[in-house]
Every structure is written in C-alpha cells, then in structure tokens.
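File shown: start04.cif. Contents: mmCIF, C-alpha atoms.
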data_work
#
loop_
_atom_site.label_atom_id
_atom_site.label_comp_id
_atom_site.auth_asym_id
_atom_site.auth_seq_id
_atom_site.Cartn_x
_atom_site.Cartn_y
_atom_site.Cartn_z
CA SER A 1 154.92 99.74 146.46
CA LYS A 2 152.59 101.20 149.05
CA GLY A 3 155.29 103.56 150.35
CA SER A 4 156.03 105.07 146.97
CA LEU A 5 152.30 105.41 146.22
CA GLU A 6 151.77 107.30 149.47
CA TYR A 7 154.72 109.52 148.62
CA ALA A 8 153.25 110.20 145.16
CA VAL A 9 149.88 111.16 146.71
CA VAL A 10 151.55 113.53 149.18
CA ALA A 11 153.76 115.03 146.45
CA ALA A 12 150.70 115.64 144.25
CA ALA A 13 148.93 117.35 147.15
CA MET A 14 151.97 119.52 147.88
CA ALA A 15 152.09 120.61 144.25
CA GLY A 16 148.76 122.34 144.74
CA PHE A 17 145.24 121.25 143.98
CA VAL A 18 142.57 123.19 142.16
CA ARG A 19 139.30 124.35 143.66
CA GLU A 20 136.61 125.32 141.17
CA LEU A 21 134.25 128.11 142.15
CA GLU A 22 131.20 128.23 139.93
CA ARG A 23 129.94 131.57 138.66
CA ARG A 24 126.45 132.63 137.64
CA GLY A 25 127.74 134.44 134.59
CA GLY A 26 130.01 131.91 132.89
CA PRO A 27 132.83 129.42 133.44
CA ALA A 28 134.01 128.64 136.98
CA LEU A 29 137.04 130.24 138.57
CA ARG A 30 139.91 127.77 138.89
CA LEU A 31 141.87 128.40 142.06
CA GLU A 32 145.09 126.64 142.92
CA GLN A 33 145.60 125.90 146.60
CA ARG A 34 148.69 124.95 148.55
CA VAL A 35 148.92 122.29 151.22
CA ALA A 36 152.52 123.00 152.15
CA GLY A 37 151.98 126.51 153.48
CA GLY A 38 150.20 128.28 156.30
CA VAL A 39 146.57 129.31 156.69
CA GLY A 40 146.36 131.43 153.53
CA CYS A 41 146.71 128.59 151.11
CA VAL A 42 143.27 127.05 150.70
CA VAL A 43 139.91 128.55 149.75
CA TRP A 44 138.17 128.90 153.12
CA ASP A 45 134.37 128.62 153.33
CA ALA A 46 134.07 132.30 154.27
CA ALA A 47 135.83 133.22 151.02
CA LEU A 48 133.30 131.18 149.03
CA VAL A 49 130.38 132.82 150.85
CA LEU A 50 131.75 136.34 150.30
CA ALA A 51 132.66 135.69 146.64
CA LYS A 52 129.16 134.37 145.93
CA PHE A 53 127.58 137.28 147.86
CA LEU A 54 129.36 139.69 145.49
CA GLU A 55 127.63 137.93 142.60
CA THR A 56 124.18 138.74 144.02
CA GLY A 57 124.75 142.33 142.87
CA ALA A 58 124.02 143.80 146.32
CA CYS A 59 127.17 145.93 145.96
CA PRO A 60 127.77 147.57 142.56
CA LEU A 61 131.35 146.66 141.59
CA ALA A 62 131.75 147.73 137.95
CA ARG A 63 134.62 150.23 137.62
CA ARG A 64 134.95 150.42 141.41
CA HIS A 65 138.35 150.41 143.14
CA VAL A 66 138.54 147.29 145.34
CA LEU A 67 141.22 146.07 147.76
CA GLU A 68 141.27 142.59 149.30
CA LEU A 69 143.14 142.11 152.59
CA GLY A 70 144.59 138.71 153.54
CA ALA A 71 143.65 137.47 150.09
CA GLY A 72 145.26 134.00 150.36
CA THR A 73 144.28 132.32 147.08
CA GLY A 74 142.67 135.54 145.77
CA ALA A 75 139.24 133.90 145.36
CA VAL A 76 137.19 136.89 146.54
CA GLY A 77 139.19 139.58 144.76
CA ILE A 78 139.32 137.66 141.48
CA MET A 79 135.54 137.14 141.64
CA ALA A 80 135.15 140.93 142.10
CA ALA A 81 137.37 141.47 139.02
CA THR A 82 135.06 139.19 136.96
CA LEU A 83 132.24 141.55 138.00
CA GLY A 84 134.01 144.58 136.53
CA ALA A 85 135.94 145.87 139.53
CA ASN A 86 139.52 147.13 139.45
CA VAL A 87 141.05 144.99 142.17
CA THR A 88 144.26 144.81 144.15
CA VAL A 89 144.59 141.53 146.05
CA THR A 90 147.04 141.78 148.94
CA ASP A 91 148.78 139.37 151.27
CA LEU A 92 152.24 138.56 152.59
CA GLU A 93 155.29 138.07 150.36
CA GLU A 94 155.13 134.27 150.59
CA LEU A 95 151.65 134.19 149.02
CA GLN A 96 152.43 136.41 146.02
CA GLU A 97 153.38 133.51 143.77
CA LEU A 98 150.08 131.71 144.45
CA LEU A 99 148.12 134.93 143.85
CA MET A 100 149.95 135.48 140.53
CA VAL A 101 149.19 131.91 139.42
CA ASN A 102 145.48 132.32 140.19
CA ILE A 103 145.29 135.71 138.48
CA GLU A 104 146.95 134.23 135.39
CA ASN A 105 144.67 131.16 135.38
CA ASN A 106 141.51 133.30 135.47
CA LYS A 107 142.52 136.41 133.50
CA HIS A 108 140.27 135.44 130.57
CA LEU A 109 137.24 135.82 132.89
CA VAL A 110 138.20 139.25 134.25
CA THR A 111 136.15 142.20 132.97
CA GLY A 112 137.77 144.76 135.28
CA SER A 113 141.41 144.37 136.31
CA VAL A 114 143.33 142.53 139.01
CA ARG A 115 146.88 142.75 140.37
CA ALA A 116 148.66 141.30 143.42
CA LYS A 117 150.71 143.33 145.90
CA VAL A 118 152.38 142.78 149.26
CA LEU A 119 150.60 144.43 152.19
CA LYS A 120 151.65 143.61 155.72
CA TRP A 121 149.06 144.74 158.24
CA GLY A 122 150.12 147.65 160.42
CA GLU A 123 152.69 148.95 157.94
CA ASP A 124 152.64 151.95 155.58
CA VAL A 125 149.75 151.97 153.08
CA THR A 126 150.67 155.10 151.10
CA GLU A 127 150.92 153.15 147.82
CA PHE A 128 147.32 151.96 148.22
CA GLN A 129 145.88 155.48 148.42
CA PRO A 130 143.48 157.04 147.60
CA PRO A 131 141.02 155.01 149.71
CA PRO A 132 139.28 152.23 147.76
CA ASP A 133 135.52 152.04 147.26
CA TYR A 134 135.49 148.57 148.81
CA ILE A 135 137.74 146.55 151.10
CA LEU A 136 137.10 142.81 151.11
CA MET A 137 138.12 140.50 153.96
CA ALA A 138 137.35 136.80 154.37
CA ASP A 139 138.36 134.95 157.54
CA CYS A 140 140.98 137.48 158.61
CA ILE A 141 140.25 137.28 162.36
CA TYR A 142 142.12 134.38 163.88
CA TYR A 143 145.32 135.61 165.54
CA GLU A 144 145.08 137.83 168.58
CA GLU A 145 148.45 139.46 167.78
CA SER A 146 147.20 140.47 164.32
CA LEU A 147 144.12 142.39 165.56
CA GLU A 148 145.85 145.71 166.30
CA PRO A 149 147.85 145.77 163.01
CA LEU A 150 144.70 144.83 161.06
CA LEU A 151 142.67 147.61 162.71
CA LYS A 152 145.45 150.12 162.01
CA THR A 153 145.48 149.08 158.35
CA LEU A 154 141.68 149.42 158.13
CA LYS A 155 141.82 152.91 159.67
CA ASP A 156 144.67 153.95 157.36
CA LEU A 157 143.00 152.60 154.20
CA THR A 158 139.39 153.68 154.63
CA GLY A 159 137.87 156.97 153.57
CA PRO A 160 134.40 158.24 154.56
CA ASP A 161 132.81 156.40 151.62
CA THR A 162 134.77 153.12 151.80
CA CYS A 163 132.61 150.05 152.35
CA VAL A 164 134.38 147.18 154.15
CA LEU A 165 132.84 143.74 153.70
CA CYS A 166 134.11 141.36 156.37
CA CYS A 167 133.07 137.72 156.13
CA TYR A 168 134.03 135.29 158.88
CA GLU A 169 133.17 131.87 160.15
CA GLN A 170 132.11 131.91 163.78
CA ARG A 171 134.31 129.42 165.60
CA THR A 172 133.67 128.07 169.07
CA MET A 173 137.02 126.35 169.64
CA GLY A 174 139.74 127.63 171.96
CA LYS A 175 140.40 131.38 171.97
CA ASN A 176 138.41 132.09 168.81
CA PRO A 177 135.26 133.52 170.50
CA GLU A 178 137.40 135.81 172.67
CA ILE A 179 139.45 137.04 169.68
CA GLU A 180 136.25 137.70 167.69
CA ARG A 181 134.65 139.62 170.56
CA LYS A 182 137.78 141.74 171.06
CA TYR A 183 138.05 142.48 167.32
CA PHE A 184 134.49 143.77 167.00
CA GLU A 185 134.79 145.71 170.25
CA LEU A 186 137.95 147.48 169.04
CA LEU A 187 136.45 148.00 165.58
CA GLN A 188 133.48 149.90 167.01
CA THR A 189 135.75 152.70 168.24
CA ASN A 190 136.08 154.03 164.69
CA PHE A 191 133.54 152.10 162.62
CA GLU A 192 129.81 151.45 162.30
CA LEU A 193 128.91 147.79 161.83
CA GLU A 194 125.86 146.32 160.13
CA LYS A 195 125.29 142.58 159.76
CA ILE A 196 124.01 141.50 156.34
CA PRO A 197 121.02 139.16 156.89
CA LEU A 198 121.41 135.53 155.85
CA ASP A 199 118.56 135.81 153.33
CA LYS A 200 120.65 138.36 151.40
CA HIS A 201 123.52 135.85 150.97
CA ASP A 202 123.70 133.58 147.92
CA GLU A 203 120.91 131.02 148.36
CA GLU A 204 123.28 128.07 148.00
CA TYR A 205 126.53 129.43 149.44
CA ARG A 206 125.34 130.38 152.90
CA SER A 207 125.61 129.01 156.40
CA GLU A 208 124.22 129.92 159.83
CA ASP A 209 127.74 130.23 161.25
CA ILE A 210 129.25 132.35 158.46
CA HIS A 211 128.55 136.06 158.82
CA ILE A 212 129.03 139.04 156.52
CA VAL A 213 129.38 142.43 158.19
CA ASN A 214 129.20 145.76 156.34
CA ILE A 215 131.61 148.21 158.00
CA HIS A 216 131.91 151.99 157.48
CA ARG A 217 133.98 154.73 159.11
CA LYS A 218 132.04 156.64 161.76
CA GLN A 219 131.26 160.10 160.46
CA ALA A 220 132.89 162.98 162.32
CA VAL A 221 130.30 165.00 164.25
CA GLY A 222 130.31 168.76 164.11
#

Step by step, read the file and then write its structure as structure tokens.
Amino acid sequence: SKGSLEYAVVAAAMAGFVRELERRGGPALRLEQRVAGGVGCVVWDAALVLAKFLETGACPLARRHVLELGAGTGAVGIMAATLGANVTVTDLEELQELLMVNIENNKHLVTGSVRAKVLKWGEDVTEFQPPPDYILMADCIYYEESLEPLLKTLKDLTGPDTCVLCCYEQRTMGKNPEIERKYFELLQTNFELEKIPLDKHDEEYRSEDIHIVNIHRKQAVG
C-alpha cells in the first residue's frame, strides 16, 4: 500500500544514505549521512569545497598533524588523510558513531592516519596538544551561542605556525549575516585573516557564495 511504501522510503532515508565524493587520485570517498539527526549529519557544500581545495595541493598535508573541528560526517578530515595527513576528526559525542563508520568505510584510501574524538567547543583541549599544523573547519558558523566557545577553542588549539582553513557558505537568511559579521570581528582580535581567491579553489567544486579563509595567530610584537 501507499502508506507502507512511504514508511519504507522514510525508514531507508533514516538508515543513512551515502554521498560519494570523487577524488583526483583514485576511488571516491563514500560518506554515510544521517537524516534523523541535527545539522552535522549531511555533507554540506562547504565541506565539499574545502575537501576538494585540499586536493589542489595548495597546502602540503603529507605527514602533517591535522585537526578538524565540527567534522560532522568527517568528509574534509578523511580527504586530508587520503593526502597523507595524520588527522583527528572531532565533533560531539552523538556524531562519533557516524564518524567511525565513515573512517572504517574509507580506511583503504587513507595514506596518513585518521581517528575520531569528542571535542566540545570551549572545553579543555589538553589532549589535543601540541598545536596541530592545520585546523580545518567547514560551515561551523551558524549559532550565535557557539561563537565564543568556538573562538576559545581556536585560541587554545593554535600555535604560532598553525594554519586554520575556514570554509563557509555565505547565507543571507535571518540572523546569518549578523552572526558571520560578529564571528569575523571577534576573530580579528587574535588572528590574521586572508581570503583565498576563488580561482585557487577546485575548478569544479567552487561557488561565488562559498568562501575559504586562511587564518593565523597574530604574532606577538616586541
């Protein structure tokens, strides 16, 4: 019957559906997504853009220590691990199972290493020290109440040589522009920001409203 068919379709969706992310250097990543959860459960466009930017080779990743914040499905961090990086993908407790599944599904493509850990923004980051070479963030700016904890985590995790790559989709709806403006304003207290030009993004995975910003700690003067 129609009702049971609809139920079957919904049940299949809830069980997770796979997003393939093609790679230049071999088979695609296969990333399970979740419909039943919150925002972290699908591969957002900004994650695709950042993952494909890593493949351009603009940032040398082999044997580098990489941390992904708000990893969700783990798309960006797992891509970095296929490029030789030693990666820790982090998110909340409720996303650990999804991260583990995606790590397991793609482990045969990894040439560095990748592990999943819980990191709640604003809390102690001692276990993630020393500072990584790179911090990756895709679409992490959407809740006003998470800005301060996120900035604290960035300050606590970064060393003078840490490169933070922040990719976000510019959104014009509701409070999004205000939250974005506030985030970058607060960020500039401790960090230097440099926008990566669109022509440096992957030629196919790019969009006028998706930006990648290269962020470094401000150097102490004197």

Result set of the PyMOL selection byres ((chain A and resi 190) around 8) on the coordinates above, as a ChimeraX atom specification: /A:155,187-189,191-192,217-218

Selection result for the PyMOL selection byres ((chain A and resi 114-116) around 9) on this file, as a ChimeraX atom specification: /A:74,77-78,80-81,85-91,96,99-100,103,107,110,112-113,117-118

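Of the residues listed (A:Leu54, A:Glu94, A:Asp199, A:Ile141), A:Ile141 shows the shortest atom-to-atom separation from Pro177 of chain A; distances use only C-alpha atoms.
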
Which of A:Cys163, A:Leu69, A:Leu31, A:Leu50 sits closest to His216 of chain A [using all atoms listed in the file]: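 Result for the nearest residue to His216 of chain A: A:Cys163.
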
Selection under test: the PyMOL selection byres ((chain A and resi 29) around 9); residues as a list in words: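 Output of the PyMOL selection byres ((chain A and resi 29) around 9): Arg19, Glu20, Leu21, Glu22, Arg23, Pro27, Ala28, Arg30, Leu31, Ala75, Ile78, Met79, Asn102, Asn105, Asn106 and Leu109 of chain A.
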
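Note that atom CA of Ala58 of chain A and atom CA of His211 of chain A are 15.4 Å apart.
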
Near-Arg64 of chain A list (8 Å; only C-alpha atoms; drop same-chain fewer than 4 positions) as a list of chain:residue names: A:Pro60, A:Gly84, A:Ala85, A:Asn86, A:Pro132, A:Asp133, A:Tyr134

Residues within 9 Å of (135.2, 140.9, 153.0), file coords, only C-alpha atoms, listed as a PyMOL selection string: chain A and resi 46-47+50-51+68-69+76+134-140+164-168+212-214

Distance criterion (all atoms listed in the file): nearest to Glu208 of chain A out of A:Val43, A:Thr162, A:Gln170, A:Tyr183: A:Gln170

Length of the atom CA of Leu147 of chain A to atom CA of Thr126 of chain A vector [Å]: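 Going from atom CA of Leu147 of chain A over to atom CA of Thr126 of chain A covers 20.3 Å.
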